[in-house]
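See below for the structure under consideration.
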Amino acid sequence: MSLVPFNKPYLTGKELHNIAAAHGHGQLAGDGQFTRSCNLWLEQRTGSHKALLTHSCTAALEMAAILVDLQPGDEVIMPSYTFVSTANAFALRGAVPVFVDIRPDTLNLDERKIEAAITPRTRAIAPVHYAGVGCDMDAIMAIAERHGLLVIEDAAQGIMATHRDRPLGAIGHLGAFSFHETKNIISGEGGALLINDPALVERAEIIREKGTNRSQFFRGQVDKYTWVDIGSSYLPGEIIAAFLWAQMEEADAITDRRRSIWERYHVAFETLERAGRLRRPVIPEHCGHNAHLYYLLLRDLDDRTAFIQAMKAEDIGCVFHYVPLHCAPQGKKIGRMADDLAVTIDLSDRLVRLPLWLGLEEEQERVIETVQRVLSGGRLAC
Ligand SMILES: *Cc1c(COP(=O)(O)O)cnc(C)c1O
């Protein structure tokens with residue numbers, strides 16, 4: 001019986017070829033041919049005004065926080081059920097993460113609870129598209145407009161996914177993607193910032209290039225380049241971009257395969273859901289999701305712990321997800337709870353993710369049968 005890991009990075013087979021080509025081009029620093037191809041692909045696929053590769057989604061979020069000029073004490077509304085980078089990027093500017101509860105169906109920021117969290121210090125909303133399923137962006141953009149707020153999408157998990165046919169990451173003023181090896185399209189570490197508001201493009205390029213106007217210099221728009229603003233080094237080298245380009249070229253096929261794995265789980269677990277034994281993910285009708293992950297909601301923490309143990313005994317890797325940020329030491333220190341976060345607290349204890357990676361197809365039947373056996377047996381304490 002072979003081990004089924006929770007994640008296994010997929011390689012298209014063209015990555016090393018592209019890396020050799022980048023080497024051959026003789027430019028290994030950032031913003032070479034492959035970076036340009038990746039940026040252009042992102043712009044064409046999302047309709048974003050400008051896409052800039054970064055070395056991570058974390059870096060893209062940090063750029064966004066600088067770009068919108070957050071000041072110490074400014075507030076950013078976000079879910080507590082997310083990865084630390086959503087909050088950290090803003091905390092680095094001295095901003096206060098304000099945690100709003102999630103929706104019980106999609107586990108995304110509950111747009112109905114956002115307005116109650118707004119204060120005179122609120123500057124931005126950072127929705128996270130959990131599992132590559134879009135937040136209610138119509139409602140969020142309308143709230144932002146009413147209150148003069150910026151929307152920075154944490155679309156780390158959202159590549160190739162849509163909300164009302166609009167690509168995630170390209171709906172807010174800014175959007176951030178991740179190409180970390182646990183995501184759908186990968187380069188080991190990697191990310192991109194989408195600048196959807198044209199007024200922010202010029203400064204984004206400067207912030208990414210250590211606060212210099214180097215990008216304008218290379219386009220011949222200025223005759224020397226110099227230090228003009230704050231910034232840092234956020235661009236990846238060409239080797240990363242070369243790797244990523246191989247993945248982008250197969251992004252449709254990768255997404256299709258992930259979706260069929262996702263669908264197979266979804267069909268297989270319908271009976272257990274009808275029996276009240278678990279809850280499956282909910283995909284709103286107007287969301288085109290990217291099958292980033294497949295999760296189950298079990299009964300309680302003990303049920304989940306027993307499930308993960310039982311799966312592990314069968315050599316199948318299942319894992320829980322976030323410790324809510326408002327429960328984490330740093331979140332308690334600098335964050336603010338806008339409401340009781342009851343859904344966040346409840347669901348974070350009950351959620352478990354199943355293996356989902358390209359190549360799982362051959363083992364998926366065994367995973368499904370094991371889940372069914374574990375959850376229909378009387379062995380679990382529930
Ligand atoms: C993966 C992830 C990140 C961080 O992405 P990196 O590219 O590793 O920096 C941020 N937010 C969310 C929601 C993520 O899933």
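Please note that chains go A, B, ... in the order of the structure tokens, that every chain numbers its residues from 1, and that ligands are numbered from 1 in the order shown.
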Quiz item: Could you list, as a PyMOL selection string, all the residues within 8 Å of ligand 1, counting only C-alpha atoms and all ligand atoms?
Solution: chain A and resi 55-60+82-86+128-130+154-157+177-180+182-183+189-191
Could you write those residues out with N, CA and C atoms, as a PDB file, in the first residue's frame?
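Result saved to part.pdb:
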ATOM      1  N   HIS A  55       8.127  37.658  -5.617  1.00  0.00           N
ATOM      2  CA  HIS A  55       8.700  36.396  -5.169  1.00  0.00           C
ATOM      3  C   HIS A  55       7.771  35.594  -4.278  1.00  0.00           C
ATOM      4  N   SER A  56       6.610  36.163  -3.952  1.00  0.00           N
ATOM      5  CA  SER A  56       5.586  35.422  -3.214  1.00  0.00           C
ATOM      6  C   SER A  56       4.298  36.233  -3.206  1.00  0.00           C
ATOM      7  N   CYS A  57       3.225  35.594  -2.767  1.00  0.00           N
ATOM      8  CA  CYS A  57       1.981  36.335  -2.562  1.00  0.00           C
ATOM      9  C   CYS A  57       2.155  37.270  -1.369  1.00  0.00           C
ATOM     10  N   THR A  58       2.904  36.814  -0.379  1.00  0.00           N
ATOM     11  CA  THR A  58       3.203  37.660   0.778  1.00  0.00           C
ATOM     12  C   THR A  58       3.838  38.965   0.306  1.00  0.00           C
ATOM     13  N   ALA A  59       4.810  38.868  -0.602  1.00  0.00           N
ATOM     14  CA  ALA A  59       5.478  40.057  -1.129  1.00  0.00           C
ATOM     15  C   ALA A  59       4.486  40.949  -1.874  1.00  0.00           C
ATOM     16  N   ALA A  60       3.585  40.331  -2.630  1.00  0.00           N
ATOM     17  CA  ALA A  60       2.599  41.115  -3.383  1.00  0.00           C
ATOM     18  C   ALA A  60       1.676  41.868  -2.418  1.00  0.00           C
ATOM     19  N   THR A  82      -7.679  32.718   7.758  1.00  0.00           N
ATOM     20  CA  THR A  82      -6.807  32.902   6.600  1.00  0.00           C
ATOM     21  C   THR A  82      -5.367  32.654   7.012  1.00  0.00           C
ATOM     22  N   PHE A  83      -4.498  32.715   6.015  1.00  0.00           N
ATOM     23  CA  PHE A  83      -3.072  32.558   6.256  1.00  0.00           C
ATOM     24  C   PHE A  83      -2.517  33.850   6.876  1.00  0.00           C
ATOM     25  N   VAL A  84      -1.444  33.729   7.635  1.00  0.00           N
ATOM     26  CA  VAL A  84      -0.898  34.887   8.354  1.00  0.00           C
ATOM     27  C   VAL A  84      -0.536  36.064   7.454  1.00  0.00           C
ATOM     28  N   SER A  85      -0.148  35.783   6.209  1.00  0.00           N
ATOM     29  CA  SER A  85       0.312  36.876   5.345  1.00  0.00           C
ATOM     30  C   SER A  85      -0.772  37.916   5.068  1.00  0.00           C
ATOM     31  N   THR A  86      -2.024  37.497   5.069  1.00  0.00           N
ATOM     32  CA  THR A  86      -3.112  38.451   4.841  1.00  0.00           C
ATOM     33  C   THR A  86      -3.009  39.582   5.857  1.00  0.00           C
ATOM     34  N   VAL A 128     -10.468  37.215   1.186  1.00  0.00           N
ATOM     35  CA  VAL A 128      -9.657  36.037   0.824  1.00  0.00           C
ATOM     36  C   VAL A 128     -10.580  35.046   0.133  1.00  0.00           C
ATOM     37  N   HIS A 129     -10.204  34.593  -1.043  1.00  0.00           N
ATOM     38  CA  HIS A 129     -11.051  33.645  -1.775  1.00  0.00           C
ATOM     39  C   HIS A 129     -10.650  32.230  -1.361  1.00  0.00           C
ATOM     40  N   TYR A 130     -11.290  31.753  -0.299  1.00  0.00           N
ATOM     41  CA  TYR A 130     -10.881  30.477   0.266  1.00  0.00           C
ATOM     42  C   TYR A 130     -11.172  29.332  -0.703  1.00  0.00           C
ATOM     43  N   ASP A 154      -6.898  38.999  -1.523  1.00  0.00           N
ATOM     44  CA  ASP A 154      -5.921  37.938  -1.321  1.00  0.00           C
ATOM     45  C   ASP A 154      -6.427  36.762  -2.158  1.00  0.00           C
ATOM     46  N   ALA A 155      -5.945  36.748  -3.404  1.00  0.00           N
ATOM     47  CA  ALA A 155      -6.355  35.701  -4.349  1.00  0.00           C
ATOM     48  C   ALA A 155      -5.263  34.650  -4.450  1.00  0.00           C
ATOM     49  N   ALA A 156      -4.555  34.436  -3.331  1.00  0.00           N
ATOM     50  CA  ALA A 156      -3.457  33.454  -3.305  1.00  0.00           C
ATOM     51  C   ALA A 156      -3.923  32.109  -3.867  1.00  0.00           C
ATOM     52  N   GLN A 157      -5.166  31.742  -3.545  1.00  0.00           N
ATOM     53  CA  GLN A 157      -5.688  30.436  -3.971  1.00  0.00           C
ATOM     54  C   GLN A 157      -6.577  30.554  -5.198  1.00  0.00           C
ATOM     55  N   PHE A 177      -1.714  36.985  -6.145  1.00  0.00           N
ATOM     56  CA  PHE A 177      -1.710  35.538  -6.402  1.00  0.00           C
ATOM     57  C   PHE A 177      -0.498  34.898  -5.738  1.00  0.00           C
ATOM     58  N   SER A 178      -0.608  33.606  -5.459  1.00  0.00           N
ATOM     59  CA  SER A 178       0.542  32.832  -4.977  1.00  0.00           C
ATOM     60  C   SER A 178       0.852  31.699  -5.945  1.00  0.00           C
ATOM     61  N   PHE A 179       2.141  31.475  -6.151  1.00  0.00           N
ATOM     62  CA  PHE A 179       2.588  30.311  -6.933  1.00  0.00           C
ATOM     63  C   PHE A 179       3.442  29.390  -6.061  1.00  0.00           C
ATOM     64  N   HIS A 180       3.167  29.419  -4.776  1.00  0.00           N
ATOM     65  CA  HIS A 180       3.814  28.515  -3.836  1.00  0.00           C
ATOM     66  C   HIS A 180       3.515  27.067  -4.246  1.00  0.00           C
ATOM     67  N   THR A 182       2.270  24.657  -2.966  1.00  0.00           N
ATOM     68  CA  THR A 182       0.999  24.069  -2.534  1.00  0.00           C
ATOM     69  C   THR A 182      -0.190  24.603  -3.335  1.00  0.00           C
ATOM     70  N   LYS A 183       0.046  25.552  -4.216  1.00  0.00           N
ATOM     71  CA  LYS A 183      -1.068  26.144  -4.974  1.00  0.00           C
ATOM     72  C   LYS A 183      -1.265  25.400  -6.299  1.00  0.00           C
ATOM     73  N   GLU A 189       8.421  28.957  -4.760  1.00  0.00           N
ATOM     74  CA  GLU A 189       7.924  30.187  -4.153  1.00  0.00           C
ATOM     75  C   GLU A 189       7.612  31.110  -5.322  1.00  0.00           C
ATOM     76  N   GLY A 190       6.628  31.941  -5.186  1.00  0.00           N
ATOM     77  CA  GLY A 190       6.327  32.877  -6.267  1.00  0.00           C
ATOM     78  C   GLY A 190       4.983  33.525  -6.050  1.00  0.00           C
ATOM     79  N   GLY A 191       4.783  34.648  -6.711  1.00  0.00           N
ATOM     80  CA  GLY A 191       3.508  35.347  -6.592  1.00  0.00           C
ATOM     81  C   GLY A 191       3.397  36.427  -7.639  1.00  0.00           C
TER      82      GLY A 191
END
Quiz prompt | Expected answer as a PyMOL selection string: helix (DSSP H, G or I) residues in region 53-215 of chain A | solution = chain A and resi 57-67+84-91+111-113+115-117+130-132+137-147+198-208+214-215
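Proximity ranking of A:Leu347, A:Leu298, A:Ala313, A:Asp229 relative to Leu375 (chain A) places A:Leu298 first, based on only C-alpha atoms.
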